[in-house]
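S.K.: What follows is a single structure, and I will ask about it in a moment.
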Amino acid sequence: MTARFAIVGSGPSGMYAVDALLKGVPGSRVDVFDRVPTPFGLIRFGVAPDHYKTRNTARQFARTFELDDVRYLGNVEIGRDLSIIELQDNYDAVVLAIGSYHDRGLGIPGEDLAGVYGACAYVGWYNGHPDYRELDPLLDGAGVAVIGIGNVALDVCRILAKTRDEMRGTDISAHALDAIQAAALEQLYMFGRRGPVEGGFTPKELSEVLELERCAVIVDPGQLPDSVEGDLETRIKGVKEKNLALLRQLAAQDKPDKQIKMTVGFYAAPVEILGDRRVEALRMERTRIVDGRAVGSGEFFEVPCCSVVTAIGYQALPPDGVPMNGSVVANQRGHVADNLYVVGWAKRGPTGTIPTNGPDSRDTVEVLIDNLESTGKPGGGAIDKLLAERGVRVVDYAGYKKISAAEIARAPEGHPQEKFTRIDEMLALLDGA
Ligand SMILES: Cc1cc2nc3c(=O)[nH]c(=O)nc-3n(C[C@H](O)[C@H](O)[C@H](O)COP(=O)(O)OP(=O)(O)OC[C@H]3O[C@@H](n4cnc5c(N)ncnc54)[C@H](O)[C@@H]3O)c2cc1C
């Protein structure tokens, strides 16, 4: 039996699902939709620009798009240009691979002030995501506070801390690099309500702030435990021990007089963002861990800052009609309903690296194949007709390759590419304008 499949989202989980479907049901045809013209999800828009080599993972996925049985339909948003039902009616099975990269709020007073940004928006801004091209974050004061103690929070601090020279070889978007370099930053804060052992960062990311040209990292040695306690899996314990050793190294480092200080503060929870129309300061409460939970101690402090970036949690935002369970799509081993499935961050939440999505997608595809029946649904032809009737401008894989080549050709000296950050610009390029 062969079949016709639709994948919604061309990030890692969607691309691993395509590979698994082609292996599991040889001879099938797969259409991959993405709401932006360019494929590969957070490989392009999440991975930090100074981790440029990580973007090479996309090469493996690019090969999939070269296959005759796989089509890319970029610039098509499911829920806007086509409904989920229309996909379910036209394909044997539909796989949601939409990620879960939408910011969750802090739920504290002052959150609506100008100068408060979610990490998705902030990271999207410096990585050239068209949704955040005009974010123009406030960087006109001395301090920026980042809430969260995971790799995303570290990425944001590091990108703000690096000099233009340190950003050579990266593909940070020029508008963001210029804004960051023009800012007179002196103080970055990174706060977590829990302790160093609970921090979600990994040793690689932590070691990258050991030697920053213009930024000294401040860690209070009094906040570091002597050892990693608790009943942890050996691998996780090893990671935590490495983190602790690196934090000790940071705490013990000489602090030469550098332009920027980055204070990593544990056991501190935000309670209010202060300011008149825009952020002026962040009010924090010190916490204690009681029965594994961080609880307020009643001791407060304030830090002055011009903006606050929250990197505390993300949620999936599926098209209408898709059931949710908390912040992810409701599913049983990836099965959502009828011929609808889910993979990746939208299925299991925002955890894991790019390769983590491989086994996860294969698991969903196994369930999908067990349920698969021959339906004779028309697949892409009927969908192409609908898109044409609606005047949707689809960007195919050849179109993406043209965009990508132009991005490399227009790279500023010392940088590998300069992404197009506006959809209009990409379409104009394809129109030969
Ligand atoms: C800031 C950040 C940095 C990271 N850095 C690294 C790193 O250095 N190394 C590493 O291994 N991992 C890293 N990760 C993790 C990695 O990016 C994720 O594991 C992975 O991207 C999750 O894949 P996904 O396919 O589930 O979601 P995503 O990558 O988010 O892909 C979802 C895709 O779905 C599309 N989409 C969403 N809704 C619709 C819709 N309605 N219609 C059509 N298309 C839609 C989106 O445009 C997107 O292309 C990072 C994550 C973040 C947030």
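Residue numbering restarts at 1 in every chain; chains get A, B, ... in the order shown in the structure tokens, and ligands count up from 1 in that same order.
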For segment 357-363 of chain A, find every residue with an atom within 10 Å (counting only C-alpha atoms), except residues of its own chain fewer than 6 positions away, and show them as a list in words.

M.R.: Gly11, Pro12, Ser13, Gly14, Met15, Tyr16, Ala17, Val18, Asp19, Ala20, Leu21, Gly24, Val95, Ala97, Arg333, Gly334, Val342, Val343, Gly344, Trp345, Lys347, Arg348 and Thr351 of chain A

S.K.: Which residues form the shell of 7 Å around ligand 1 when you count only C-alpha atoms and all ligand atoms, given as a PyMOL selection string?

M.R.: chain A and resi 8-14+33-36+39-43+46-48+51+54+76-79+97-101+120+123+152+318-319+343-346+351-357

S.K.: Restricting the output to C-alpha atoms, write the selected residues as a CSV table (one decimal), in the first residue's frame.

M.R.:
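Writing done, so here's selection_2.csv:
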```csv
chain,number,residue,atom,x,y,z
A,8,VAL,CA,2.3,20.5,9.2
A,9,GLY,CA,5.7,22.1,10.1
A,10,SER,CA,9.1,21.6,8.6
A,11,GLY,CA,11.2,21.7,11.8
A,12,PRO,CA,13.2,18.8,13.0
A,13,SER,CA,10.3,16.7,14.2
A,14,GLY,CA,8.4,17.1,10.9
A,33,PHE,CA,3.6,22.7,4.9
A,34,ASP,CA,5.2,25.6,6.7
A,35,ARG,CA,3.7,29.0,7.6
A,36,VAL,CA,6.9,30.8,6.7
A,39,PRO,CA,11.9,25.5,6.1
A,40,PHE,CA,13.5,23.8,9.2
A,41,GLY,CA,11.8,25.6,12.1
A,42,LEU,CA,14.0,26.4,15.0
A,43,ILE,CA,17.1,25.2,13.3
A,46,GLY,CA,15.9,29.2,17.4
A,47,VAL,CA,19.5,27.9,17.4
A,48,ALA,CA,21.8,30.7,18.5
A,51,HIS,CA,26.1,28.1,17.1
A,54,THR,CA,24.4,23.4,14.5
A,76,VAL,CA,1.1,28.2,3.8
A,77,GLU,CA,-0.3,28.5,7.3
A,78,ILE,CA,-2.7,25.7,8.3
A,79,GLY,CA,-5.5,27.4,10.2
A,97,ALA,CA,4.8,19.1,13.7
A,98,ILE,CA,4.1,22.7,14.7
A,99,GLY,CA,6.5,23.0,17.6
A,100,SER,CA,5.5,24.7,20.8
A,101,TYR,CA,7.5,27.9,20.6
A,120,CYS,CA,10.6,33.4,21.4
A,123,VAL,CA,15.4,35.1,19.8
A,152,VAL,CA,17.6,29.8,26.0
A,318,PRO,CA,-2.3,24.6,17.1
A,319,PRO,CA,-4.9,25.5,14.5
A,343,VAL,CA,5.2,14.9,16.8
A,344,GLY,CA,8.0,16.9,18.4
A,345,TRP,CA,7.6,19.8,20.8
A,346,ALA,CA,3.9,20.1,20.1
A,351,THR,CA,12.4,19.6,25.8
A,352,GLY,CA,15.3,18.0,24.1
A,353,THR,CA,17.8,18.9,21.3
A,354,ILE,CA,17.3,18.4,17.6
A,355,PRO,CA,18.2,14.7,17.6
A,356,THR,CA,15.8,14.0,20.5
A,357,ASN,CA,13.0,14.5,17.9
```

S.K.: Out of A:Arg71, A:Lys240, A:Arg393, A:Arg193, which residue has the shortest atom-to-atom distance to Ser297 of chain A when counting only C-alpha atoms?

M.R.: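 With only C-alpha atoms as the atom set, the closest residue is A:Arg193.
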
S.K.: Within 12 Å of Asp431 of chain A, counting only C-alpha atoms, which residues show up once you throw out same-chain ones fewer than 6 positions away? Write them as a ChimeraX atom specification, please.

M.R.: /A:393,395,399,402-403,424-425

S.K.: I need the residues from that last selection saved to file as a short mmCIF file (atom, residue, chain, number, x, y, z; two decimals), in the first residue's frame (with C-alpha atoms), if you can.

M.R.:
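Dumped to selection.cif:
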```cif
data_model
loop_
_atom_site.label_atom_id
_atom_site.label_comp_id
_atom_site.auth_asym_id
_atom_site.auth_seq_id
_atom_site.Cartn_x
_atom_site.Cartn_y
_atom_site.Cartn_z
CA ARG A 393 1.50 32.29 -2.80
CA VAL A 395 7.04 28.90 -1.90
CA GLY A 399 12.08 28.85 -4.28
CA LYS A 402 16.90 30.60 -4.42
CA ILE A 403 16.24 32.58 -1.22
CA ASP A 424 7.71 40.55 0.96
CA GLU A 425 11.44 40.70 0.27
#
```

S.K.: Restricting the calculation to only C-alpha atoms: of A:Gln249, A:Thr263, A:Thr57, A:Thr163, which residue gets closest to Val146 of chain A?

M.R.: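 Of the candidates, the smallest distance to Val146 of chain A is held by A:Thr263.
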
S.K.: Considering only C-alpha atoms, return as a list in words whatever protein or nucleic-acid residues lie within 8 Å of Tyr126 of chain A, sequence-local ones (same chain, fewer than 4 positions apart) excluded.

M.R.: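 Listed by chain and then number, they are Tyr122, Ile172, Ser173, His175, Ala176 and Leu177 of chain A.
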
S.K.: Could you tell me how far atom CA of Glu211 of chain A lies from atom CA of Tyr52 of chain A, in Å and to one decimal?

M.R.: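 According to the coordinates, atom CA of Glu211 of chain A and atom CA of Tyr52 of chain A are separated by 18.7 Å.
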
S.K.: Taking a cut-off of 10 Å and counting only C-alpha atoms, can you build a table that, for each residue of segment 170-244 of chain A near segment 269-286 of chain A, reports the nearest atom pair and how far apart they are in Å (one decimal), sorted by chain then residue number, as a tab-separated table?

M.R.:
```
residue	atom	partner	partner_atom	distance
A:Phe191	CA	A:Ala269	CA	7.3
A:Gly192	CA	A:Ala269	CA	6.5
A:Arg193	CA	A:Ala269	CA	4.6
A:Arg194	CA	A:Ala269	CA	8.3
```

S.K.: Check the smallest atom-to-atom distance from each of A:Gly150, A:Gly124, A:Gly222, A:Pro378 to Leu206 of chain A using only C-alpha atoms, then report the winner.

M.R.: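 Between A:Gly150, A:Gly124, A:Gly222, A:Pro378, the residue approaching Leu206 of chain A most closely is A:Gly150.
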
S.K.: Of the candidates A:Ile236, A:Met1, A:Met426, A:Leu372, which shows the shortest atom-to-atom distance to Asn339 of chain A, using only C-alpha atoms?

M.R.: A:Leu372

S.K.: Between atom CA of Val116 of chain A and atom CA of Arg104 of chain A, what distance in Å does the model show, to one decimal?

M.R.: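 So the answer is 12.3 Å.
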
S.K.: Name the residues of segment 167-393 of chain A that fall into strand (DSSP E) according to DSSP on the backbone, using the chain letters and numbers of this document, as a PyMOL selection string.

M.R.: chain A and resi 187-191+215-219+260-265+268-274+281-290+293-304+307-310+314-315+324-325+328-329+335-337+340-342

S.K.: As an exercise, work out the distance from atom CA of Glu373 of chain A to atom CA of Ile84 of chain A in Å and give it to one decimal place.

M.R.: 19.1 Å

S.K.: Applying 9 Å and only C-alpha atoms, which residues near segment 213-219 of chain A remain after dropping the ones on its own chain fewer than 5 positions away? List them as an MDAnalysis selection string.

M.R.: chainID A and resid 158 161:163 166 186:187 224 247:248 250:266

S.K.: Can I get the selection written as a compact mmCIF listing (two decimals), in the first residue's frame, with C-alpha atoms?

M.R.:
```
# COMPACT_ATOMS: atom_id res chain seq x y z
CA ARG A 158 25.54 35.62 25.56
CA ALA A 161 27.21 40.23 25.86
CA LYS A 162 29.38 39.45 22.85
CA THR A 163 31.29 42.10 20.95
CA GLU A 166 33.01 37.87 18.76
CA GLU A 186 26.51 47.42 31.62
CA GLN A 187 24.49 44.84 33.49
CA LEU A 224 26.58 26.79 45.16
CA LEU A 247 29.72 27.63 38.14
CA ARG A 248 32.47 27.28 40.75
CA LEU A 250 32.90 31.30 37.20
CA ALA A 251 32.51 32.24 40.88
CA ALA A 252 36.26 31.99 41.46
CA GLN A 253 37.30 33.86 38.30
CA ASP A 254 39.08 37.19 38.56
CA LYS A 255 36.68 39.93 37.57
CA PRO A 256 38.68 42.36 35.49
CA ASP A 257 37.00 45.64 34.81
CA LYS A 258 34.83 44.67 31.85
CA GLN A 259 32.10 46.82 30.33
CA ILE A 260 29.31 44.35 31.14
CA LYS A 261 28.65 42.36 34.29
CA MET A 262 26.37 39.36 33.97
CA THR A 263 24.94 38.34 37.32
CA VAL A 264 23.58 34.81 37.53
CA GLY A 265 21.16 34.87 40.46
CA PHE A 266 19.63 31.69 41.82
```

S.K.: Could you pull out the residues in segment 255-366 of chain A that DSSP calls alpha helix (DSSP H) from the backbone, as a list of chain:residue names?

M.R.: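 After running DSSP on the backbone, segment 255-366 of chain A has alpha helix (DSSP H) at A:Trp345, A:Ala346, A:Lys347, A:Arg348, A:Asn357, A:Gly358, A:Pro359, A:Asp360, A:Ser361, A:Arg362, A:Asp363, A:Thr364, A:Val365, A:Glu366.
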
S.K.: Write the residues you've just listed into a file as a PDB file, in the first residue's frame, and include C-alpha atoms for each of them.

M.R.:
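Saved result, part05.pdb, follows:
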```pdb
ATOM      1  CA  TRP A 345       7.647  19.826  20.823  1.00  0.00           C
ATOM      2  CA  ALA A 346       3.917  20.086  20.106  1.00  0.00           C
ATOM      3  CA  LYS A 347       3.570  16.482  21.327  1.00  0.00           C
ATOM      4  CA  ARG A 348       5.863  16.323  24.331  1.00  0.00           C
ATOM      5  CA  ASN A 357      13.006  14.537  17.949  1.00  0.00           C
ATOM      6  CA  GLY A 358      14.126  11.550  15.854  1.00  0.00           C
ATOM      7  CA  PRO A 359      12.977   8.679  18.100  1.00  0.00           C
ATOM      8  CA  ASP A 360       9.925  10.700  19.122  1.00  0.00           C
ATOM      9  CA  SER A 361       8.748  11.147  15.509  1.00  0.00           C
ATOM     10  CA  ARG A 362       9.481   7.500  14.702  1.00  0.00           C
ATOM     11  CA  ASP A 363       7.331   6.425  17.629  1.00  0.00           C
ATOM     12  CA  THR A 364       4.339   8.428  16.371  1.00  0.00           C
ATOM     13  CA  VAL A 365       4.856   7.123  12.824  1.00  0.00           C
ATOM     14  CA  GLU A 366       4.830   3.551  14.135  1.00  0.00           C
TER      15      GLU A 366
END
```
